[in-house]
Amino acid sequence: MNDSLLEIRDLHLEFHTFEGVAKVLAGVNLQLRRGEFLGLVGETGCGKSMTALAIPRLIPIPPGRITRGEVIFEGKDLLQLNDKGIESFRARELGYVFQDPVTNLNPMFSIREQLIDAVVYQSDANGRKPAGQRRRPASSRQKRRDAFQRSIELLHMVGIPDADRRIHDYPHQFSGGMRQRVLIAMALAGEPKLLIADEPTTALDVTIQAQILRLIQELGRKMGLSVLLITHNLGVVAKICDRVAVMYSGRVIETAPVRDLFNQPLHPYTQGLLKALPHAQSERGGLEGIPGHIPDLISPPAGCRFHPRCAHVMDHCREVVPPVSRKTAEHHVFCHLFDETEEYGHAR
Amino acid sequence: MPDDAILEVRGLKVSFPIRGGLLNRKIGEFKAVDDVSFRIPRGKTFGLVGESGSGKTTIGKSVLRLIQPSAGSIEFNGIQLTDLNARQLRKIRSQMQMIYQAPAASLNRRMTIGQIVGEALWLHKGLRGEARQKRAAELLREVGLQNEHFYRYPHEFSGGQQQRVGIARALAVQPELLILDEPTSALDVSVQAQILNLLQRLQDEYALSYMFISHDLGLVRYMCDEIGLLYLGKLVEVAGSDTIFERPKHPYTQALISAIPEPDPDLQREEIILKGEISELSDLPGCPFASRCHAEKMSKCETHLPPLLLTDENHHVACHLHPGTVSHAS
């Protein structure tokens, strides 16, 4: 079964700081299949955004440094591409939606200008004209005129009412939800294969969040997108993702189909996260936090980085980074409790 | 009065002037809170829920009179707060405290946490010297911090620990009512659970009453006995926590509950996706929610503001679809 669109293998990322070298990613393994919605979840500082930024090589180097690993997109290692190659990947294959719709639109330019820029950039890279078939290369003015039509279509597509009038407005005239729709339109302008959405609804109210999630879901299915959805909200994952990967301190520690993860979490950290969430049946005092706090990335704990907070910690956990254990073909966990070698493993 | 209320708010209005023009004259008024009434029984938790801009923080601050209400009455332990002068107010404020959303911003970064907690003890309790030190250390232990933390500065702590310091500082004055303004929204879930547990333990130990302000309905259900839902500065539904979730009546409440992303992939339910967004500054006469409402609308929805009425026992709804009777709370 090789329907993988994107595969991250053993990715290591460091940041050089005054206090020392922060080991931000320490062996991330992740696979995104064609047409699926993959949720990447974890708490603050676990490296989920860094993983996503590393895909189109948007990590500032220096201070960042990728010390090991591969990012394979359709058989090519993105980390080995030259500047032109990665530029073309960003323009043609990738849409990226960020968390904060306010800072990601330029307040000095109208939505029209910003959208046209996005359309022209992506269609140039695609080597096709935005609309119609022209024999001679279109003039830059003609290109922008065509792009204008396409921009209005895009705004319609993301559900902005009255798009042919609103396109002339400036970002401050749009609400948060509407701005996020504009950013989704920009991300999808070049009809990419891959959409990375980094906390796309975190800054929004819950009723608007529902609208935006519905939009991403519908457009994703319609355009056959593969979506990497980064979030700290497990509810959002349960709602729209097919599979989920849980990160803790620079590593993916469990991946599973959504239903399996929620019904049968294996990693003690995943179990802890789910127990910490208040839901309809929680009794008073029934929430369990996870004791302690997230480890320091400059001198992280040896072995499994979760071991200082883990209730099931064994001697082995303090020394050896747990390898993958395949509980089922689809459900993978990185924890010594599930070691496949019988030496240390014991089933729960 | 059926039972002992620690706080009773009646007809609270807060409006802010809109200024404009050459001379910066007042050209209008923004009604942040419009005719809000509720009561908090002693030892209970009352939740105020709403989306951004619905006025929940403004209500919290006007209860402490950090914001001056334009109209209405606020009765705390039977004392009318709106009539008090600054000196009387300071006395009362030692009985109610606020805990803020951003723990880092609410702590003075040039003071050690021992000083932060000690300052409250000195100002409100007049404690000095060793007595103050001892009591501050006690309070820090109470919220789960250690003695060694006493001389450290806020930036040395994680968000969860900073929030614990905020709670210790609030407890220093031995308050009866705590106003918790999104106390965990800056925290990760595993830490959030620790703070929620701490708040519940303290409530049981010291018989505290809480006003819990949040946009997170799941959290509010877990923490609160009674919930009030705000929409554009007006209460649209007030009822017991379980009633709100099991039998929501107002179309806005129904939509809000259906929009919570529940961490349960097997959950099957009909999701109500609201049209549009919160309209600001609407001076239209009808129901503020009418333009987004998914329920069958009546002609008077656009023209008459529905009052908050008692429809069932302890269940108040402001919607023309649910006629009720006028009750003590409105």
# chains A, B, ... in the order shown; residues from 1 in each chain; ligands from 1
>>> interface_residues(of="chain B", to="chain A", cutoff="6 Å", atoms="only C-alpha atoms", output="VMD selection string")
chain B and resid 51 188 190 193 to 194 197 218 259 261 to 265
>>> write_last_selection(atoms="all heavy atoms", output="CSV table (one decimal), in the first residue's frame")
chain,number,residue,atom,x,y,z
B,51,GLU,N,-19.4,34.4,23.5
B,51,GLU,CA,-18.3,34.5,22.6
B,51,GLU,C,-17.6,35.8,22.9
B,51,GLU,O,-18.0,36.7,23.7
B,51,GLU,CB,-18.8,34.4,21.2
B,51,GLU,CG,-19.4,33.0,20.9
B,51,GLU,CD,-19.9,32.9,19.5
B,51,GLU,OE1,-21.1,33.3,19.2
B,51,GLU,OE2,-19.1,32.4,18.7
B,188,ASP,N,-2.3,24.6,28.9
B,188,ASP,CA,-2.5,23.3,28.2
B,188,ASP,C,-3.5,22.4,29.0
B,188,ASP,O,-3.6,22.6,30.2
B,188,ASP,CB,-1.2,22.6,28.0
B,188,ASP,CG,-0.4,23.1,26.9
B,188,ASP,OD1,-1.0,23.3,25.8
B,188,ASP,OD2,0.8,23.2,27.0
B,190,SER,N,-3.4,19.4,30.2
B,190,SER,CA,-3.0,18.6,31.3
B,190,SER,C,-2.8,19.5,32.5
B,190,SER,O,-3.0,19.1,33.6
B,190,SER,CB,-1.7,17.9,31.0
B,190,SER,OG,-0.6,18.8,30.7
B,193,ALA,N,-6.3,20.8,33.9
B,193,ALA,CA,-7.0,19.9,34.9
B,193,ALA,C,-6.4,20.1,36.3
B,193,ALA,O,-7.2,20.1,37.2
B,193,ALA,CB,-6.7,18.5,34.4
B,194,GLN,N,-5.1,20.3,36.4
B,194,GLN,CA,-4.5,20.6,37.7
B,194,GLN,C,-5.2,21.8,38.4
B,194,GLN,O,-5.5,21.8,39.6
B,194,GLN,CB,-3.0,20.8,37.7
B,194,GLN,CG,-2.3,19.6,37.1
B,194,GLN,CD,-0.8,19.9,36.8
B,194,GLN,OE1,-0.3,21.0,37.1
B,194,GLN,NE2,0.0,19.0,36.3
B,197,ASN,N,-8.8,21.3,39.4
B,197,ASN,CA,-8.9,20.5,40.6
B,197,ASN,C,-8.6,21.3,41.8
B,197,ASN,O,-9.2,21.2,42.9
B,197,ASN,CB,-7.9,19.3,40.5
B,197,ASN,CG,-8.5,18.2,39.6
B,197,ASN,OD1,-9.7,18.2,39.3
B,197,ASN,ND2,-7.6,17.3,39.2
B,218,GLY,N,-17.6,23.2,27.5
B,218,GLY,CA,-17.3,22.0,28.2
B,218,GLY,C,-16.8,22.2,29.6
B,218,GLY,O,-17.2,21.5,30.6
B,259,ALA,N,-21.9,23.2,18.5
B,259,ALA,CA,-20.6,23.5,17.9
B,259,ALA,C,-19.4,23.1,18.7
B,259,ALA,O,-18.3,23.2,18.2
B,259,ALA,CB,-20.6,25.0,17.6
B,261,PRO,N,-16.6,21.2,19.8
B,261,PRO,CA,-15.9,19.9,19.2
B,261,PRO,C,-15.7,19.0,20.4
B,261,PRO,O,-14.8,19.2,21.2
B,261,PRO,CB,-14.6,20.4,18.6
B,261,PRO,CG,-14.5,21.8,18.9
B,261,PRO,CD,-15.6,22.3,19.8
B,262,GLU,N,-16.5,17.9,20.5
B,262,GLU,CA,-16.4,17.0,21.6
B,262,GLU,C,-15.3,16.0,21.3
B,262,GLU,O,-15.2,15.5,20.1
B,262,GLU,CB,-17.7,16.2,21.8
B,262,GLU,CG,-18.8,17.0,22.5
B,262,GLU,CD,-18.6,17.1,24.0
B,262,GLU,OE1,-17.7,16.4,24.6
B,262,GLU,OE2,-19.4,17.9,24.6
B,263,PRO,N,-14.4,15.6,22.2
B,263,PRO,CA,-13.4,14.6,22.0
B,263,PRO,C,-14.0,13.2,21.9
B,263,PRO,O,-13.6,12.4,22.7
B,263,PRO,CB,-12.4,14.8,23.1
B,263,PRO,CG,-13.3,15.4,24.2
B,263,PRO,CD,-14.4,16.2,23.6
B,264,ASP,N,-14.9,13.0,21.0
B,264,ASP,CA,-15.5,11.7,20.9
B,264,ASP,C,-15.9,11.5,19.5
B,264,ASP,O,-16.9,12.0,19.0
B,264,ASP,CB,-16.8,11.6,21.8
B,264,ASP,CG,-17.5,10.3,21.7
B,264,ASP,OD1,-17.0,9.4,21.0
B,264,ASP,OD2,-18.6,10.2,22.4
B,265,PRO,N,-15.1,10.7,18.7
B,265,PRO,CA,-15.4,10.5,17.3
B,265,PRO,C,-16.7,9.7,17.0
B,265,PRO,O,-17.2,9.8,15.9
B,265,PRO,CB,-14.2,9.8,16.8
B,265,PRO,CG,-13.5,9.2,18.0
B,265,PRO,CD,-13.9,10.0,19.2
>>> residues_around(residues="Lys31 in chain B", least_positions_apart="2", cutoff="8 Å", atoms="only C-alpha atoms", output="PyMOL selection string")
chain B and resi 13-16+29+33-34+233+281
>>> write_last_selection(atoms="N, CA, C and O atoms", output="short mmCIF file (atom, residue, chain, number, x, y, z; two decimals), in the first residue's frame")
data_model
loop_
_atom_site.label_atom_id
_atom_site.label_comp_id
_atom_site.auth_asym_id
_atom_site.auth_seq_id
_atom_site.Cartn_x
_atom_site.Cartn_y
_atom_site.Cartn_z
N LYS B 13 -26.31 47.54 33.63
CA LYS B 13 -26.00 48.08 32.31
C LYS B 13 -24.63 48.73 32.35
O LYS B 13 -24.32 49.45 33.27
N VAL B 14 -23.85 48.45 31.34
CA VAL B 14 -22.57 49.14 31.20
C VAL B 14 -22.49 49.61 29.76
O VAL B 14 -22.66 48.82 28.83
N SER B 15 -22.28 50.90 29.58
CA SER B 15 -22.11 51.35 28.20
C SER B 15 -20.86 52.21 28.09
O SER B 15 -20.45 52.86 29.05
N PHE B 16 -20.24 52.13 26.95
CA PHE B 16 -19.04 52.91 26.69
C PHE B 16 -19.35 53.94 25.63
O PHE B 16 -20.05 53.64 24.67
N GLU B 29 -23.20 55.36 21.73
CA GLU B 29 -23.00 54.60 22.93
C GLU B 29 -22.91 53.14 22.55
O GLU B 29 -23.68 52.66 21.71
N VAL B 33 -22.97 45.79 28.19
CA VAL B 33 -23.82 44.93 29.02
C VAL B 33 -25.17 45.60 29.10
O VAL B 33 -25.26 46.79 29.40
N ASP B 34 -26.21 44.86 28.79
CA ASP B 34 -27.52 45.48 28.67
C ASP B 34 -28.55 44.72 29.51
O ASP B 34 -29.00 43.65 29.12
N GLY B 233 -24.11 41.17 25.08
CA GLY B 233 -24.38 41.92 26.29
C GLY B 233 -25.68 41.60 26.98
O GLY B 233 -26.01 42.21 27.99
N LEU B 281 -22.70 46.54 17.41
CA LEU B 281 -23.36 47.83 17.41
C LEU B 281 -24.72 47.84 16.75
O LEU B 281 -25.07 48.76 16.05
#
>>> closest_residue(among="A:Ala26, A:Leu213, A:Arg112, A:Leu6", to="Glu271 in chain B", atoms="only C-alpha atoms")
A:Leu213
>>> residues_around(residues="Lys327 in chain A", least_positions_apart="2", cutoff="12 Å", atoms="only C-alpha atoms", output="PyMOL selection string")
chain A and resi 254-256+260-261+264-267+324-325+329-335+337-340+347
>>> select_by_dssp(residues="range 15-171 of chain A", states="helix (DSSP H, G or I)", output="ChimeraX atom specification")
/A:48-54,78-80,83-92,111-126,140-157,163-166,171
